[in-house]
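Raw contents of final07.cif, mmCIF, C-alpha atoms:
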data_coords
loop_
_atom_site.group_PDB
_atom_site.id
_atom_site.type_symbol
_atom_site.label_atom_id
_atom_site.label_comp_id
_atom_site.auth_asym_id
_atom_site.auth_seq_id
_atom_site.Cartn_x
_atom_site.Cartn_y
_atom_site.Cartn_z
ATOM 1 C CA MET A 1 -10.616 5.755 10.104
ATOM 2 C CA SER A 2 -8.386 2.897 9.041
ATOM 3 C CA ALA A 3 -6.327 2.090 5.989
ATOM 4 C CA SER A 4 -5.074 -1.023 4.214
ATOM 5 C CA PHE A 5 -1.409 -1.964 4.146
ATOM 6 C CA ARG A 6 0.019 -4.889 2.214
ATOM 7 C CA TYR A 7 3.123 -6.756 3.326
ATOM 8 C CA ALA A 8 5.187 -9.772 2.414
ATOM 9 C CA VAL A 9 6.841 -11.895 5.082
ATOM 10 C CA ASN A 10 9.880 -13.721 3.683
ATOM 11 C CA VAL A 11 10.935 -16.760 5.696
ATOM 12 C CA ALA A 12 14.161 -18.701 5.122
ATOM 13 C CA PRO A 13 15.989 -21.506 6.899
ATOM 14 C CA LYS A 14 18.715 -20.107 9.154
ATOM 15 C CA ALA A 15 22.305 -20.403 7.941
ATOM 16 C CA GLY A 16 23.626 -23.765 9.050
ATOM 17 C CA ILE A 17 20.176 -25.345 9.248
ATOM 18 C CA LEU A 18 19.661 -28.220 6.839
ATOM 19 C CA ASP A 19 17.565 -27.246 3.810
ATOM 20 C CA PRO A 20 16.456 -30.451 2.068
ATOM 21 C CA GLN A 21 14.378 -28.572 -0.524
ATOM 22 C CA GLY A 22 17.412 -26.499 -1.463
ATOM 23 C CA ARG A 23 19.486 -29.671 -1.822
ATOM 24 C CA ALA A 24 16.793 -31.191 -4.036
ATOM 25 C CA VAL A 25 16.863 -28.178 -6.351
ATOM 26 C CA GLU A 26 20.669 -28.296 -6.531
ATOM 27 C CA HIS A 27 20.623 -31.975 -7.418
ATOM 28 C CA SER A 28 18.202 -31.407 -10.271
ATOM 29 C CA LEU A 29 20.322 -28.721 -11.967
ATOM 30 C CA PRO A 30 22.590 -31.116 -13.915
ATOM 31 C CA HIS A 31 19.504 -32.756 -15.457
ATOM 32 C CA LEU A 32 18.540 -29.334 -16.823
ATOM 33 C CA GLY A 33 22.066 -28.733 -18.105
ATOM 34 C CA VAL A 34 22.513 -25.808 -15.725
ATOM 35 C CA SER A 35 25.800 -25.096 -13.961
ATOM 36 C CA GLY A 36 27.169 -22.222 -11.921
ATOM 37 C CA VAL A 37 24.212 -22.046 -9.545
ATOM 38 C CA SER A 38 24.899 -22.452 -5.832
ATOM 39 C CA ALA A 39 23.845 -21.512 -2.293
ATOM 40 C CA ILE A 40 20.192 -22.338 -2.958
ATOM 41 C CA ARG A 41 17.856 -21.803 -0.013
ATOM 42 C CA VAL A 42 14.155 -22.554 -0.236
ATOM 43 C CA GLY A 43 11.848 -20.647 2.074
ATOM 44 C CA ARG A 44 8.321 -19.274 2.159
ATOM 45 C CA ARG A 45 6.784 -15.954 1.189
ATOM 46 C CA ILE A 46 3.485 -14.943 2.749
ATOM 47 C CA GLU A 47 1.626 -11.903 1.426
ATOM 48 C CA LEU A 48 -1.167 -10.348 3.459
ATOM 49 C CA THR A 49 -3.248 -7.210 3.866
ATOM 50 C CA VAL A 50 -3.684 -5.493 7.241
ATOM 51 C CA GLU A 51 -6.395 -2.999 8.125
ATOM 52 C CA ALA A 52 -5.084 -0.669 10.804
ATOM 53 C CA ALA A 53 -5.245 2.891 12.023
ATOM 54 C CA ASP A 54 -1.770 3.692 10.711
ATOM 55 C CA VAL A 55 1.355 2.102 9.296
ATOM 56 C CA ALA A 56 2.946 1.592 12.710
ATOM 57 C CA ALA A 57 -0.046 -0.377 13.974
ATOM 58 C CA ALA A 58 -0.143 -2.429 10.767
ATOM 59 C CA ARG A 59 3.554 -3.201 11.009
ATOM 60 C CA ALA A 60 3.168 -4.322 14.625
ATOM 61 C CA VAL A 61 0.482 -6.835 13.619
ATOM 62 C CA VAL A 62 2.642 -8.218 10.815
ATOM 63 C CA GLU A 63 5.732 -8.528 13.017
ATOM 64 C CA ARG A 64 3.726 -10.434 15.608
ATOM 65 C CA LEU A 65 2.277 -12.823 13.028
ATOM 66 C CA ALA A 66 5.697 -13.329 11.441
ATOM 67 C CA GLY A 67 7.306 -14.328 14.727
ATOM 68 C CA GLU A 68 4.473 -16.319 16.280
ATOM 69 C CA LEU A 69 2.640 -17.946 13.388
ATOM 70 C CA LEU A 70 4.442 -17.690 10.072
ATOM 71 C CA SER A 71 7.959 -18.712 11.088
ATOM 72 C CA ASN A 72 9.700 -20.968 13.566
ATOM 73 C CA PRO A 73 12.319 -18.730 15.221
ATOM 74 C CA LEU A 74 14.404 -21.727 16.275
ATOM 75 C CA ILE A 75 15.289 -22.703 12.737
ATOM 76 C CA GLU A 76 14.118 -19.842 10.513
ATOM 77 C CA VAL A 77 14.678 -16.138 9.982
ATOM 78 C CA TYR A 78 12.065 -13.751 8.630
ATOM 79 C CA HIS A 79 12.029 -10.329 7.065
ATOM 80 C CA VAL A 80 8.957 -8.097 6.724
ATOM 81 C CA GLU A 81 8.699 -6.274 3.392
ATOM 82 C CA PRO A 82 6.165 -3.473 2.838
ATOM 83 C CA LEU A 83 4.566 -3.856 -0.586
ATOM 84 C CA GLY A 84 3.285 -1.266 -2.967
ATOM 85 C CA ALA A 85 0.438 -2.490 -5.154
ATOM 86 C CA ALA A 86 2.913 -3.126 -7.966
ATOM 87 C CA SER A 87 5.109 -5.419 -5.855
ATOM 88 C CA SER A 88 2.374 -7.862 -4.962
ATOM 89 C CA LEU A 89 2.456 -11.053 -6.979
ATOM 90 C CA VAL A 90 -1.302 -11.461 -6.724
ATOM 91 C CA ALA A 91 -3.576 -8.934 -8.381
ATOM 92 C CA GLU A 92 -6.612 -9.714 -6.240
ATOM 93 C CA ALA A 93 -5.045 -8.160 -3.175
ATOM 94 C CA PRO A 94 -4.376 -4.461 -3.722
ATOM 95 C CA ARG A 95 -2.685 -2.360 -1.109
ATOM 96 C CA MET B 1 36.050 -13.652 -16.018
ATOM 97 C CA SER B 2 32.788 -14.292 -14.278
ATOM 98 C CA ALA B 3 30.976 -12.722 -11.366
ATOM 99 C CA SER B 4 28.450 -13.799 -8.747
ATOM 100 C CA PHE B 5 24.899 -12.539 -8.741
ATOM 101 C CA ARG B 6 22.336 -13.328 -6.063
ATOM 102 C CA TYR B 7 18.621 -13.485 -6.769
ATOM 103 C CA ALA B 8 15.372 -14.373 -5.077
ATOM 104 C CA VAL B 9 12.560 -16.049 -6.978
ATOM 105 C CA ASN B 10 9.192 -15.320 -5.363
ATOM 106 C CA VAL B 11 6.465 -17.795 -6.273
ATOM 107 C CA ALA B 12 2.779 -17.346 -5.406
ATOM 108 C CA PRO B 13 -0.451 -19.139 -6.266
ATOM 109 C CA LYS B 14 -2.222 -17.395 -9.138
ATOM 110 C CA ALA B 15 -5.232 -15.261 -8.286
ATOM 111 C CA GLY B 16 -8.285 -17.526 -8.283
ATOM 112 C CA ILE B 17 -6.254 -20.668 -7.536
ATOM 113 C CA LEU B 18 -7.110 -22.290 -4.226
ATOM 114 C CA ASP B 19 -4.520 -21.601 -1.533
ATOM 115 C CA PRO B 20 -5.113 -24.035 1.345
ATOM 116 C CA GLN B 21 -2.093 -22.802 3.305
ATOM 117 C CA GLY B 22 -3.407 -19.249 3.126
ATOM 118 C CA ARG B 23 -6.800 -20.445 4.352
ATOM 119 C CA ALA B 24 -5.138 -22.268 7.240
ATOM 120 C CA VAL B 25 -3.335 -19.104 8.311
ATOM 121 C CA GLU B 26 -6.567 -17.096 8.107
ATOM 122 C CA HIS B 27 -8.409 -19.615 10.252
ATOM 123 C CA SER B 28 -5.772 -19.477 12.965
ATOM 124 C CA LEU B 29 -5.926 -15.685 13.352
ATOM 125 C CA PRO B 30 -8.891 -15.604 15.772
ATOM 126 C CA HIS B 31 -7.014 -17.969 18.114
ATOM 127 C CA LEU B 32 -4.232 -15.391 18.278
ATOM 128 C CA GLY B 33 -6.715 -12.580 18.872
ATOM 129 C CA VAL B 34 -5.780 -10.944 15.569
ATOM 130 C CA SER B 35 -8.345 -9.273 13.332
ATOM 131 C CA GLY B 36 -8.184 -7.049 10.264
ATOM 132 C CA VAL B 37 -5.843 -9.338 8.311
ATOM 133 C CA SER B 38 -7.044 -10.587 4.937
ATOM 134 C CA ALA B 39 -6.023 -11.693 1.435
ATOM 135 C CA ILE B 40 -3.351 -14.049 2.744
ATOM 136 C CA ARG B 41 -1.417 -15.930 0.071
ATOM 137 C CA VAL B 42 1.299 -18.412 0.938
ATOM 138 C CA GLY B 43 4.007 -18.998 -1.634
ATOM 139 C CA ARG B 44 7.683 -19.875 -1.812
ATOM 140 C CA ARG B 45 10.845 -17.819 -1.911
ATOM 141 C CA ILE B 46 13.996 -19.371 -3.367
ATOM 142 C CA GLU B 47 17.325 -17.572 -3.019
ATOM 143 C CA LEU B 48 20.264 -18.593 -5.161
ATOM 144 C CA THR B 49 23.653 -17.446 -6.430
ATOM 145 C CA VAL B 50 24.561 -17.543 -10.122
ATOM 146 C CA GLU B 51 28.077 -17.416 -11.535
ATOM 147 C CA ALA B 52 27.934 -15.856 -14.985
ATOM 148 C CA ALA B 53 29.855 -13.641 -17.373
ATOM 149 C CA ASP B 54 27.514 -10.691 -16.809
ATOM 150 C CA VAL B 55 24.199 -9.748 -15.262
ATOM 151 C CA ALA B 56 22.218 -10.491 -18.428
ATOM 152 C CA ALA B 57 23.546 -14.051 -18.578
ATOM 153 C CA ALA B 58 22.866 -14.554 -14.867
ATOM 154 C CA ARG B 59 19.331 -13.247 -15.217
ATOM 155 C CA ALA B 60 18.663 -15.596 -18.137
ATOM 156 C CA VAL B 61 19.667 -18.600 -16.036
ATOM 157 C CA VAL B 62 17.429 -17.518 -13.167
ATOM 158 C CA GLU B 63 14.439 -16.868 -15.434
ATOM 159 C CA ARG B 64 14.807 -20.330 -16.954
ATOM 160 C CA LEU B 65 15.019 -22.024 -13.562
ATOM 161 C CA ALA B 66 12.068 -20.015 -12.273
ATOM 162 C CA GLY B 67 9.821 -21.070 -15.139
ATOM 163 C CA GLU B 68 10.964 -24.665 -15.588
ATOM 164 C CA LEU B 69 11.942 -25.882 -12.124
ATOM 165 C CA LEU B 70 10.925 -23.538 -9.323
ATOM 166 C CA SER B 71 7.321 -22.796 -10.280
ATOM 167 C CA ASN B 72 4.383 -24.456 -11.972
ATOM 168 C CA PRO B 73 3.219 -21.914 -14.572
ATOM 169 C CA LEU B 74 -0.258 -23.457 -14.727
ATOM 170 C CA ILE B 75 -1.134 -22.488 -11.181
ATOM 171 C CA GLU B 76 1.618 -20.140 -10.006
ATOM 172 C CA VAL B 77 3.203 -16.818 -10.876
ATOM 173 C CA TYR B 78 6.819 -15.917 -10.181
ATOM 174 C CA HIS B 79 8.854 -12.758 -9.906
ATOM 175 C CA VAL B 80 12.650 -12.582 -10.074
ATOM 176 C CA GLU B 81 14.199 -10.153 -7.597
ATOM 177 C CA PRO B 82 17.894 -9.162 -7.785
ATOM 178 C CA LEU B 83 19.390 -9.108 -4.300
ATOM 179 C CA GLY B 84 22.099 -6.982 -2.849
ATOM 180 C CA ALA B 85 24.042 -8.662 -0.067
ATOM 181 C CA ALA B 86 21.918 -6.850 2.497
ATOM 182 C CA SER B 87 18.632 -8.162 1.097
ATOM 183 C CA SER B 88 19.527 -11.822 1.419
ATOM 184 C CA LEU B 89 17.958 -13.514 4.418
ATOM 185 C CA VAL B 90 20.849 -15.935 4.712
ATOM 186 C CA ALA B 91 24.285 -14.641 5.616
ATOM 187 C CA GLU B 92 26.169 -17.627 4.215
ATOM 188 C CA ALA B 93 25.390 -16.622 0.664
ATOM 189 C CA PRO B 94 26.853 -13.217 -0.168
ATOM 190 C CA ARG B 95 26.301 -11.600 -3.518
#
Once more with this new file: its structure as structure tokens, please.
Amino acid sequence: MSASFRYAVNVAPKAGILDPQGRAVEHSLPHLGVSGVSAIRVGRRIELTVEAADVAAARAVVERLAGELLSNPLIEVYHVEPLGAASSLVAEAPR
Amino acid sequence: MSASFRYAVNVAPKAGILDPQGRAVEHSLPHLGVSGVSAIRVGRRIELTVEAADVAAARAVVERLAGELLSNPLIEVYHVEPLGAASSLVAEAPR
């Protein structure tokens, strides 16, 4: 017996690491007439479904992928977020 | 008087829209000896701080940025997520 678990892996540039995409967004704010927005960091969000015997086994797979494939630990931090069906941005991938 | 509010904007390719980065991740799984992972979608996550008079005003700014600058509504969906200080991946940007 196995079950499906859906997760998001949120990846962001470490504090102190240059974030050129964040700078680009900040520089475009005046053109939109927006002020009062700061500390912009642009990262990635990967959603995926894991088939595993239980939640602990599923979580172990996701943690391994997050550290070895989905992020670069030298310059990025990641956080694994368990998703209910309602939290997923993409309807095609139910928990 | 104004206060600081921190948000994340999660952006994902719409269901049915090609996601080449997600495909690339899927294709690399066998090389890592990982199986049972599916429905991978790769999107972006933007964290930002808004100075505003109240939470409603801050939220309005974030929603506008999300729809006009941070996502392409033709091919992407976004979700605005209010962050407590603990939820932010980046320590330099407290709520």
Each residue of chain A with at least one atom at most 10 Å from chain B should appear once, together with its nearest atom pair and the corresponding distance in Å (one decimal); atoms considered: all atoms listed in the file; ordering: chain, then increasing residue number; output as JSON lines.
{"residue": "A:Ser4", "atom": "CA", "partner": "B:Gly36", "partner_atom": "CA", "distance": 9.1}
{"residue": "A:Phe5", "atom": "CA", "partner": "B:Val37", "partner_atom": "CA", "distance": 9.6}
{"residue": "A:Arg6", "atom": "CA", "partner": "B:Ala39", "partner_atom": "CA", "distance": 9.1}
{"residue": "A:Tyr7", "atom": "CA", "partner": "B:Ile40", "partner_atom": "CA", "distance": 9.8}
{"residue": "A:Ala8", "atom": "CA", "partner": "B:Arg41", "partner_atom": "CA", "distance": 9.3}
{"residue": "A:Val9", "atom": "CA", "partner": "B:Val42", "partner_atom": "CA", "distance": 9.5}
{"residue": "A:Asn10", "atom": "CA", "partner": "B:Arg45", "partner_atom": "CA", "distance": 7.0}
{"residue": "A:Val11", "atom": "CA", "partner": "B:Arg45", "partner_atom": "CA", "distance": 7.7}
{"residue": "A:Ala12", "atom": "CA", "partner": "B:Leu89", "partner_atom": "CA", "distance": 6.5}
{"residue": "A:Pro13", "atom": "CA", "partner": "B:Val90", "partner_atom": "CA", "distance": 7.7}
{"residue": "A:Lys14", "atom": "CA", "partner": "B:Val90", "partner_atom": "CA", "distance": 6.5}
{"residue": "A:Ala15", "atom": "CA", "partner": "B:Val90", "partner_atom": "CA", "distance": 5.7}
{"residue": "A:Gly16", "atom": "CA", "partner": "B:Glu92", "partner_atom": "CA", "distance": 8.2}
{"residue": "A:Gln21", "atom": "CA", "partner": "B:Ile46", "partner_atom": "CA", "distance": 9.6}
{"residue": "A:Gly22", "atom": "CA", "partner": "B:Ile46", "partner_atom": "CA", "distance": 8.1}
{"residue": "A:Val25", "atom": "CA", "partner": "B:Leu69", "partner_atom": "CA", "distance": 7.9}
{"residue": "A:Glu26", "atom": "CA", "partner": "B:Leu48", "partner_atom": "CA", "distance": 9.8}
{"residue": "A:Ser28", "atom": "CA", "partner": "B:Leu69", "partner_atom": "CA", "distance": 8.6}
{"residue": "A:Leu29", "atom": "CA", "partner": "B:Leu65", "partner_atom": "CA", "distance": 8.7}
{"residue": "A:Leu32", "atom": "CA", "partner": "B:Leu65", "partner_atom": "CA", "distance": 8.7}
{"residue": "A:Val34", "atom": "CA", "partner": "B:Val61", "partner_atom": "CA", "distance": 7.8}
{"residue": "A:Ser35", "atom": "CA", "partner": "B:Glu51", "partner_atom": "CA", "distance": 8.4}
{"residue": "A:Gly36", "atom": "CA", "partner": "B:Glu51", "partner_atom": "CA", "distance": 4.9}
{"residue": "A:Val37", "atom": "CA", "partner": "B:Val50", "partner_atom": "CA", "distance": 4.6}
{"residue": "A:Ser38", "atom": "CA", "partner": "B:Thr49", "partner_atom": "CA", "distance": 5.2}
{"residue": "A:Ala39", "atom": "CA", "partner": "B:Leu48", "partner_atom": "CA", "distance": 5.4}
{"residue": "A:Ile40", "atom": "CA", "partner": "B:Leu48", "partner_atom": "CA", "distance": 4.3}
{"residue": "A:Arg41", "atom": "CA", "partner": "B:Glu47", "partner_atom": "CA", "distance": 5.2}
{"residue": "A:Val42", "atom": "CA", "partner": "B:Ile46", "partner_atom": "CA", "distance": 4.5}
{"residue": "A:Gly43", "atom": "CA", "partner": "B:Arg45", "partner_atom": "CA", "distance": 5.0}
{"residue": "A:Arg44", "atom": "CA", "partner": "B:Arg44", "partner_atom": "CA", "distance": 4.1}
{"residue": "A:Arg45", "atom": "CA", "partner": "B:Gly43", "partner_atom": "CA", "distance": 5.0}
{"residue": "A:Ile46", "atom": "CA", "partner": "B:Val42", "partner_atom": "CA", "distance": 4.5}
{"residue": "A:Glu47", "atom": "CA", "partner": "B:Arg41", "partner_atom": "CA", "distance": 5.2}
{"residue": "A:Leu48", "atom": "CA", "partner": "B:Ile40", "partner_atom": "CA", "distance": 4.4}
{"residue": "A:Thr49", "atom": "CA", "partner": "B:Ser38", "partner_atom": "CA", "distance": 5.2}
{"residue": "A:Val50", "atom": "CA", "partner": "B:Val37", "partner_atom": "CA", "distance": 4.5}
{"residue": "A:Glu51", "atom": "CA", "partner": "B:Gly36", "partner_atom": "CA", "distance": 4.9}
{"residue": "A:Ala52", "atom": "CA", "partner": "B:Gly36", "partner_atom": "CA", "distance": 7.1}
{"residue": "A:Ala58", "atom": "CA", "partner": "B:Gly36", "partner_atom": "CA", "distance": 9.3}
{"residue": "A:Val61", "atom": "CA", "partner": "B:Val34", "partner_atom": "CA", "distance": 7.7}
{"residue": "A:Val62", "atom": "CA", "partner": "B:Val37", "partner_atom": "CA", "distance": 8.9}
{"residue": "A:Arg64", "atom": "CA", "partner": "B:Val34", "partner_atom": "CA", "distance": 9.5}
{"residue": "A:Leu65", "atom": "CA", "partner": "B:Val34", "partner_atom": "CA", "distance": 8.7}
{"residue": "A:Glu68", "atom": "CA", "partner": "B:Leu32", "partner_atom": "CA", "distance": 9.0}
{"residue": "A:Leu69", "atom": "CA", "partner": "B:Val25", "partner_atom": "CA", "distance": 7.9}
{"residue": "A:Leu70", "atom": "CA", "partner": "B:Val25", "partner_atom": "CA", "distance": 8.1}
{"residue": "A:Glu76", "atom": "CA", "partner": "B:Leu89", "partner_atom": "CA", "distance": 9.6}
{"residue": "A:Val77", "atom": "CA", "partner": "B:Leu89", "partner_atom": "CA", "distance": 7.0}
{"residue": "A:Tyr78", "atom": "CA", "partner": "B:Leu89", "partner_atom": "CA", "distance": 7.2}
{"residue": "A:His79", "atom": "CA", "partner": "B:Leu89", "partner_atom": "CA", "distance": 7.2}
{"residue": "A:Ser87", "atom": "CA", "partner": "B:His79", "partner_atom": "CA", "distance": 9.2}
{"residue": "A:Ser88", "atom": "CA", "partner": "B:Ala12", "partner_atom": "CA", "distance": 9.5}
{"residue": "A:Leu89", "atom": "CA", "partner": "B:Ala12", "partner_atom": "CA", "distance": 6.5}
{"residue": "A:Val90", "atom": "CA", "partner": "B:Ala15", "partner_atom": "CA", "distance": 5.7}
{"residue": "A:Ala91", "atom": "CA", "partner": "B:Ala15", "partner_atom": "CA", "distance": 6.5}
{"residue": "A:Glu92", "atom": "CA", "partner": "B:Ala15", "partner_atom": "CA", "distance": 6.1}
{"residue": "A:Ala93", "atom": "CA", "partner": "B:Ala39", "partner_atom": "CA", "distance": 5.9}
{"residue": "A:Pro94", "atom": "CA", "partner": "B:Ala39", "partner_atom": "CA", "distance": 9.0}
Coordinates of chain B after Cα superposition on chain A, as an mmCIF file with C-alpha atoms, keeping the file's coordinate frame:
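Result file is superposed-v6.cif:
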data_model
loop_
_atom_site.group_PDB
_atom_site.id
_atom_site.type_symbol
_atom_site.label_atom_id
_atom_site.label_comp_id
_atom_site.auth_asym_id
_atom_site.auth_seq_id
_atom_site.Cartn_x
_atom_site.Cartn_y
_atom_site.Cartn_z
ATOM 1 C CA MET B 1 -10.566 5.739 10.113
ATOM 2 C CA SER B 2 -8.367 2.883 9.072
ATOM 3 C CA ALA B 3 -6.319 2.086 6.005
ATOM 4 C CA SER B 4 -5.064 -1.020 4.223
ATOM 5 C CA PHE B 5 -1.417 -1.962 4.153
ATOM 6 C CA ARG B 6 0.018 -4.888 2.218
ATOM 7 C CA TYR B 7 3.118 -6.753 3.329
ATOM 8 C CA ALA B 8 5.179 -9.775 2.418
ATOM 9 C CA VAL B 9 6.837 -11.897 5.079
ATOM 10 C CA ASN B 10 9.873 -13.717 3.682
ATOM 11 C CA VAL B 11 10.925 -16.756 5.694
ATOM 12 C CA ALA B 12 14.157 -18.696 5.126
ATOM 13 C CA PRO B 13 15.990 -21.500 6.905
ATOM 14 C CA LYS B 14 18.717 -20.100 9.148
ATOM 15 C CA ALA B 15 22.290 -20.381 7.926
ATOM 16 C CA GLY B 16 23.629 -23.757 9.051
ATOM 17 C CA ILE B 17 20.162 -25.338 9.248
ATOM 18 C CA LEU B 18 19.653 -28.209 6.836
ATOM 19 C CA ASP B 19 17.567 -27.242 3.811
ATOM 20 C CA PRO B 20 16.448 -30.441 2.059
ATOM 21 C CA GLN B 21 14.373 -28.568 -0.522
ATOM 22 C CA GLY B 22 17.399 -26.487 -1.469
ATOM 23 C CA ARG B 23 19.465 -29.657 -1.822
ATOM 24 C CA ALA B 24 16.786 -31.182 -4.041
ATOM 25 C CA VAL B 25 16.860 -28.168 -6.347
ATOM 26 C CA GLU B 26 20.665 -28.292 -6.519
ATOM 27 C CA HIS B 27 20.624 -31.968 -7.426
ATOM 28 C CA SER B 28 18.201 -31.405 -10.279
ATOM 29 C CA LEU B 29 20.324 -28.718 -11.961
ATOM 30 C CA PRO B 30 22.589 -31.102 -13.920
ATOM 31 C CA HIS B 31 19.498 -32.734 -15.464
ATOM 32 C CA LEU B 32 18.536 -29.323 -16.825
ATOM 33 C CA GLY B 33 22.059 -28.711 -18.103
ATOM 34 C CA VAL B 34 22.509 -25.789 -15.710
ATOM 35 C CA SER B 35 25.792 -25.096 -13.946
ATOM 36 C CA GLY B 36 27.180 -22.222 -11.897
ATOM 37 C CA VAL B 37 24.201 -22.030 -9.525
ATOM 38 C CA SER B 38 24.898 -22.440 -5.819
ATOM 39 C CA ALA B 39 23.825 -21.504 -2.283
ATOM 40 C CA ILE B 40 20.184 -22.337 -2.955
ATOM 41 C CA ARG B 41 17.842 -21.797 -0.014
ATOM 42 C CA VAL B 42 14.144 -22.547 -0.236
ATOM 43 C CA GLY B 43 11.839 -20.635 2.071
ATOM 44 C CA ARG B 44 8.311 -19.271 2.151
ATOM 45 C CA ARG B 45 6.779 -15.963 1.178
ATOM 46 C CA ILE B 46 3.465 -14.947 2.741
ATOM 47 C CA GLU B 47 1.607 -11.905 1.425
ATOM 48 C CA LEU B 48 -1.171 -10.353 3.461
ATOM 49 C CA THR B 49 -3.256 -7.207 3.871
ATOM 50 C CA VAL B 50 -3.672 -5.491 7.240
ATOM 51 C CA GLU B 51 -6.395 -3.008 8.131
ATOM 52 C CA ALA B 52 -5.068 -0.671 10.802
ATOM 53 C CA ALA B 53 -5.231 2.901 12.033
ATOM 54 C CA ASP B 54 -1.749 3.706 10.719
ATOM 55 C CA VAL B 55 1.366 2.103 9.304
ATOM 56 C CA ALA B 56 2.965 1.588 12.722
ATOM 57 C CA ALA B 57 -0.042 -0.374 13.975
ATOM 58 C CA ALA B 58 -0.140 -2.435 10.777
ATOM 59 C CA ARG B 59 3.557 -3.207 11.020
ATOM 60 C CA ALA B 60 3.168 -4.335 14.635
ATOM 61 C CA VAL B 61 0.490 -6.840 13.635
ATOM 62 C CA VAL B 62 2.637 -8.225 10.827
ATOM 63 C CA GLU B 63 5.731 -8.531 13.025
ATOM 64 C CA ARG B 64 3.727 -10.450 15.621
ATOM 65 C CA LEU B 65 2.277 -12.832 13.043
ATOM 66 C CA ALA B 66 5.687 -13.331 11.453
ATOM 67 C CA GLY B 67 7.308 -14.334 14.730
ATOM 68 C CA GLU B 68 4.470 -16.317 16.294
ATOM 69 C CA LEU B 69 2.627 -17.948 13.399
ATOM 70 C CA LEU B 70 4.436 -17.686 10.077
ATOM 71 C CA SER B 71 7.953 -18.714 11.092
ATOM 72 C CA ASN B 72 9.702 -20.966 13.566
ATOM 73 C CA PRO B 73 12.320 -18.725 15.210
ATOM 74 C CA LEU B 74 14.418 -21.718 16.272
ATOM 75 C CA ILE B 75 15.291 -22.698 12.728
ATOM 76 C CA GLU B 76 14.122 -19.836 10.512
ATOM 77 C CA VAL B 77 14.672 -16.133 9.978
ATOM 78 C CA TYR B 78 12.055 -13.747 8.625
ATOM 79 C CA HIS B 79 12.018 -10.331 7.036
ATOM 80 C CA VAL B 80 8.954 -8.099 6.723
ATOM 81 C CA GLU B 81 8.696 -6.281 3.397
ATOM 82 C CA PRO B 82 6.156 -3.472 2.825
ATOM 83 C CA LEU B 83 4.559 -3.858 -0.594
ATOM 84 C CA GLY B 84 3.278 -1.287 -2.984
ATOM 85 C CA ALA B 85 0.452 -2.514 -5.185
ATOM 86 C CA ALA B 86 2.927 -3.170 -7.980
ATOM 87 C CA SER B 87 5.123 -5.445 -5.863
ATOM 88 C CA SER B 88 2.375 -7.883 -4.966
ATOM 89 C CA LEU B 89 2.458 -11.081 -6.988
ATOM 90 C CA VAL B 90 -1.292 -11.488 -6.717
ATOM 91 C CA ALA B 91 -3.570 -8.971 -8.383
ATOM 92 C CA GLU B 92 -6.599 -9.754 -6.229
ATOM 93 C CA ALA B 93 -5.027 -8.148 -3.199
ATOM 94 C CA PRO B 94 -4.335 -4.460 -3.785
ATOM 95 C CA ARG B 95 -2.646 -2.334 -1.183
#
Quiz item: Skipping near chain neighbours, those fewer than 4 positions away, what residues fall within 8 Å of Glu63 of chain B using only C-alpha atoms, listed as number ranges by chain?
Solution: B: 59, 67, 80
Quiz item: How many Å lie between atom CA of Glu81 of chain A and atom CA of Pro30 of chain B, rounded to one decimal?
Solution: 23.4 Å
Exercise. For the file shown, report as a VMD selection string the outcome of the PyMOL selection byres ((chain B and resi 2) around 6) at residue level.
Key: chain B and resid 1 3 52 to 53
Exercise. Please measure the separation of atom CA of Val55 of chain B and atom CA of Gly33 of chain A, giving the value in Å to one decimal.
Key: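 Interatomic distance, atom CA of Val55 of chain B to atom CA of Gly33 of chain A: 19.3 Å.
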Quiz prompt | Between atom CA of Ile17 of chain A and atom CA of Pro82 of chain B, distance in Å (one decimal) | solution =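 About the pair atom CA of Ile17 of chain A and atom CA of Pro82 of chain B: they are 23.6 Å apart.
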